[in-house]
Every structure is written in structure tokens, then in C-alpha cells.
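Next comes query_24.tsv, with TSV, C-alpha atoms and all ligand atoms.
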```tsv
chain	number	residue	atom	x	y	z
A	53	MET	CA	4.75	3.24	-20.28
A	54	ARG	CA	4.00	6.70	-19.01
A	55	LEU	CA	0.87	7.35	-17.07
A	56	LYS	CA	-1.43	10.10	-18.18
A	57	SER	CA	-2.64	11.26	-14.79
A	58	ASP	CA	-1.38	11.80	-11.32
A	59	LEU	CA	-3.85	9.30	-9.89
A	60	ALA	CA	-1.12	6.68	-9.49
A	61	LYS	CA	0.98	7.51	-6.47
A	62	PHE	CA	2.59	6.43	-3.26
A	63	ALA	CA	1.53	8.41	-0.20
A	64	GLY	CA	0.43	12.03	-0.39
A	65	LYS	CA	-3.22	12.82	-0.92
A	66	PRO	CA	-5.56	9.96	-1.85
A	67	TRP	CA	-8.61	10.50	-3.96
A	68	LEU	CA	-11.44	11.07	-1.48
A	69	GLY	CA	-14.91	12.15	-2.48
A	70	LYS	CA	-16.52	15.36	-1.31
A	71	ASN	CA	-17.58	15.04	2.35
A	72	GLU	CA	-15.72	11.76	2.70
A	73	GLU	CA	-13.68	11.37	5.87
A	74	TRP	CA	-10.13	10.10	5.89
A	75	PRO	CA	-10.33	6.34	6.69
A	76	LYS	CA	-9.69	5.41	10.30
A	77	CYS	CA	-8.42	2.27	11.96
A	78	PRO	CA	-11.32	0.17	13.30
A	79	TYR	CA	-9.30	-0.58	16.45
A	80	CYS	CA	-7.30	2.46	17.56
A	81	GLN	CA	-9.51	4.99	15.68
A	82	ASN	CA	-6.41	6.82	14.39
A	83	PRO	CA	-6.23	7.85	10.74
A	84	LEU	CA	-4.85	5.11	8.52
A	85	GLU	CA	-1.70	5.91	6.58
A	86	PHE	CA	-2.37	6.19	2.87
A	87	PHE	CA	0.10	3.90	1.08
A	88	PHE	CA	-0.81	4.00	-2.59
A	89	GLN	CA	-3.39	4.26	-5.28
A	90	LEU	CA	-3.30	2.94	-8.80
A	91	ASN	CA	-5.41	3.83	-11.77
A	92	LEU	CA	-6.42	0.33	-12.92
A	93	ASN	CA	-7.25	1.73	-16.36
A	94	GLN	CA	-3.61	2.74	-16.80
A	95	LEU	CA	-1.74	-0.37	-15.72
A	96	PRO	CA	0.84	-1.91	-18.05
A	97	GLU	CA	-0.76	-3.69	-20.99
A	98	SER	CA	-0.13	-7.19	-19.59
A	99	LEU	CA	-2.21	-6.28	-16.52
A	100	GLN	CA	-5.00	-4.40	-18.25
A	101	ASN	CA	-8.47	-5.61	-17.14
A	102	LYS	CA	-6.96	-8.11	-14.71
A	103	PHE	CA	-8.20	-6.24	-11.64
A	104	GLY	CA	-11.19	-4.38	-13.03
A	105	SER	CA	-11.30	-0.66	-13.57
A	106	GLY	CA	-11.21	2.39	-11.38
A	107	ILE	CA	-8.82	3.53	-8.69
A	108	LEU	CA	-7.36	0.96	-6.31
A	109	GLN	CA	-6.40	2.43	-2.94
A	110	MET	CA	-4.63	0.98	0.05
A	111	PHE	CA	-4.46	2.42	3.56
A	112	TYR	CA	-2.87	0.81	6.59
A	113	CYS	CA	-2.64	1.47	10.33
A	114	THR	CA	0.90	2.46	11.29
A	115	TYR	CA	-0.04	3.83	14.70
A	116	THR	CA	2.70	3.49	17.31
A	117	ASN	CA	2.22	4.09	21.01
A	118	VAL	CA	4.49	6.17	23.24
A	119	TYR	CA	6.86	3.20	23.55
A	120	GLY	CA	7.23	2.95	19.78
A	121	ASP	CA	5.21	-0.25	19.56
A	122	GLU	CA	3.20	-0.72	16.40
A	123	VAL	CA	0.12	-1.60	18.40
A	124	CYS	CA	-2.38	-2.55	15.71
A	125	GLU	CA	0.23	-4.20	13.50
A	126	ILE	CA	1.15	-6.48	16.39
A	127	ASP	CA	-2.28	-7.05	17.92
A	128	TYR	CA	-4.18	-7.51	14.67
A	129	GLU	CA	-1.58	-9.32	12.56
A	130	GLY	CA	-1.00	-6.44	10.22
A	131	CYS	CA	1.63	-8.36	8.27
A	132	GLU	CA	-1.06	-10.77	7.08
A	133	ALA	CA	-2.58	-9.99	3.71
A	134	PHE	CA	-5.98	-8.37	4.15
A	135	SER	CA	-5.77	-8.04	7.92
A	136	ASP	CA	-8.41	-5.85	9.53
A	137	ILE	CA	-6.00	-2.91	9.69
A	138	HIS	CA	-5.70	-2.79	5.90
A	139	PHE	CA	-8.26	-0.74	4.06
A	140	LEU	CA	-8.41	-1.63	0.38
A	141	ARG	CA	-10.98	-0.45	-2.06
A	142	ILE	CA	-11.63	0.20	-5.73
A	143	ILE	CA	-13.49	3.40	-6.43
A	144	GLN	CA	-14.99	4.92	-9.55
A	145	PRO	CA	-14.39	8.64	-9.19
A	146	GLU	CA	-17.16	10.48	-10.96
A	147	THR	CA	-16.80	13.81	-9.25
A	148	GLU	CA	-13.95	16.09	-8.31
A	149	ALA	CA	-11.81	14.90	-5.44
A	150	GLN	CA	-11.77	16.97	-2.32
A	151	ASP	CA	-8.54	18.78	-1.55
A	152	VAL	CA	-8.04	16.64	1.50
A	153	GLU	CA	-5.75	17.57	4.35
A	154	ILE	CA	-3.27	14.85	5.24
A	155	PRO	CA	-3.66	13.93	8.91
A	156	GLU	CA	-0.68	14.02	11.25
A	157	ILE	CA	0.87	10.57	11.18
A	158	GLU	CA	4.29	9.93	12.64
A	159	ASP	CA	7.02	9.04	10.11
A	160	ILE	CA	4.61	9.33	7.20
A	161	SER	CA	6.09	8.49	3.81
A	162	PRO	CA	6.82	11.33	1.41
A	163	PRO	CA	4.53	11.47	-1.64
A	164	LYS	CA	5.73	10.11	-4.97
A	165	LEU	CA	3.95	9.90	-8.28
A	166	ILE	CA	4.11	6.61	-10.15
A	167	VAL	CA	5.25	7.61	-13.62
A	168	ASP	CA	6.58	4.41	-15.13
A	169	TRP	CA	6.52	0.63	-14.84
A	170	GLU	CA	9.38	-1.80	-14.80
A	171	GLN	CA	8.97	-5.55	-14.46
A	172	LEU	CA	11.14	-7.10	-11.74
A	173	GLU	CA	11.42	-10.55	-10.25
A	174	ASP	CA	10.17	-10.73	-6.71
A	175	TYR	CA	10.64	-13.42	-4.10
A	176	PRO	CA	8.90	-14.11	-0.82
A	177	ASP	CA	10.57	-12.96	2.37
A	178	PHE	CA	11.54	-15.40	5.12
A	179	GLU	CA	8.10	-15.79	6.65
A	180	GLU	CA	6.21	-15.90	3.37
A	181	ALA	CA	8.58	-18.54	1.96
A	182	LYS	CA	8.06	-20.74	5.00
A	183	LYS	CA	4.27	-20.40	4.84
A	184	ILE	CA	4.08	-21.44	1.20
A	185	GLY	CA	6.43	-24.35	1.74
A	186	ILE	CA	9.61	-23.04	0.15
A	187	LYS	CA	12.64	-24.31	1.97
A	188	LEU	CA	15.79	-22.29	1.56
A	189	ALA	CA	19.22	-23.02	2.96
A	190	PHE	CA	20.29	-20.57	5.62
A	191	ASP	CA	22.69	-18.69	3.33
A	192	GLU	CA	20.12	-18.52	0.53
A	193	TYR	CA	17.96	-16.23	2.66
A	194	TYR	CA	20.74	-13.69	2.59
A	195	LEU	CA	21.32	-13.90	-1.15
A	196	TYR	CA	17.95	-12.41	-1.98
A	197	PRO	CA	18.59	-8.90	-0.72
A	198	ASP	CA	21.88	-8.85	-2.60
A	199	LYS	CA	20.39	-10.11	-5.84
A	200	TYR	CA	17.23	-8.05	-5.66
A	201	PRO	CA	17.89	-5.00	-3.53
A	202	ILE	CA	14.95	-2.89	-2.60
A	203	GLN	CA	15.40	0.56	-4.08
B	301	ZN	ZN	-4.88	1.08	14.51
```

What do you get writing this file as C-alpha cells?
Ligand SMILES: [Zn+2]
Amino acid sequence: MRLKSDLAKFAGKPWLGKNEEWPKCPYCQNPLEFFFQLNLNQLPESLQNKFGSGILQMFYCTYTNVYGDEVCEIDYEGCEAFSDIHFLRIIQPETEAQDVEIPEIEDISPPKLIVDWEQLEDYPDFEEAKKIGIKLAFDEYYLYPDKYPIQ
């Protein structure tokens, strides 16, 4: 299914309203890295209306200190779903977006438009599997990346 707009993307410029500031981390005060936004009205048919309507956006603090430590990710359990260093929201854009300037963030991901959908099987990683009670043999952990490589 092809998307009709460029509102679905990874990285790049998020939709921000006029006079809206780029979201900042509540802890280190650095700009959050924009990860993605999806137009919920243009999801694949099987997901239509499952999450509401509008634009879903996700930002995350990737700040690293001079030693290369991901400070907020470590101190505020950034790997947990919905940790305080995630910023998720659904917006209903009714005006033009501002032509926002992307803040300087080290190793920021290059922008990519989401232009198509493909259904894939996904499995929890080591830590997630353990948390939800899935027990895998030692060698099974290493089969997953081979069977389902991340592209
Ligand atoms: Zn931070």
C-alpha cells in the first residue's frame, strides 16, 4: 500500500506547529532525537482505526556525554517502553507545519520516508523474552538474527 503523503517517515523533520519548540529531554534538557512519525489515517487496512487518527510521533533522548555514555538511556531506563525519556504523542495537524530546523544531535539518523508496508514476524530480544517468561535455549537466541535479520 502506498502512502499518499510524506507525513510517514523515520527521522528528518517532524511535524511541529507554528511557534512550537523542538521537544527537549526532561532530564538533560538536550533536544530529543526525532525517531518517526506515522499518519494513523494511512496505516495498512488491518490496522486502520486501531490507534485512533492523526499523526503519531516518537522522540527519544540519545544524548551521550564526552565519554560516550548514553546518560539518560542508562539513568532513566530508556530501554523500557514509555520511559520518561520517550516523548510520544498523537497530534491533529490543522495548520501548516513550521519549516523546523533539525537540532545538532550526534550520530543522528538520516531521514527516510515510509512509502510501503510489509508484514514481518517479529520476536522479542533477549531481555524482552526473559521478562515475558519465554525461555529459549542458549543457541536459540542466536537463531533469531539469522532467521529475521534486521535490514
Ligand atoms: Zn536526556

Counting all atoms listed in the file, closest pick from A:Asn101, A:Asn82, A:Asn71, A:Gln144 relative to Val123 (chain A) is A:Asn82

Residues within 8 Å of region 154-161 of chain A, only C-alpha atoms, excluding chain neighbours under 3 positions, as a short mmCIF file (atom, residue, chain, number, x, y, z; two decimals) with C-alpha atoms, keeping the file's coordinate frame:
```
data_model
loop_
_atom_site.label_atom_id
_atom_site.label_comp_id
_atom_site.auth_asym_id
_atom_site.auth_seq_id
_atom_site.Cartn_x
_atom_site.Cartn_y
_atom_site.Cartn_z
CA ALA A 63 1.53 8.41 -0.20
CA GLY A 64 0.43 12.03 -0.39
CA LYS A 65 -3.22 12.82 -0.92
CA PRO A 83 -6.23 7.85 10.74
CA GLU A 85 -1.70 5.91 6.58
CA TYR A 115 -0.04 3.83 14.70
#
```

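The interatomic distance for the pair CA of Leu165 (chain A) and CA of Gly120 (chain A) works out to 29.1 Å.
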
Name each residue within 10 Å of ligand ZN 301 (chain B), counting all atoms listed in the file, as a ChimeraX atom specification. /A:76-85,112-116,122-128,130,136-138

What does the distance between CA of Leu90 (chain A) and CA of Pro176 (chain A) come to in Å, to one decimal place? 22.4 Å
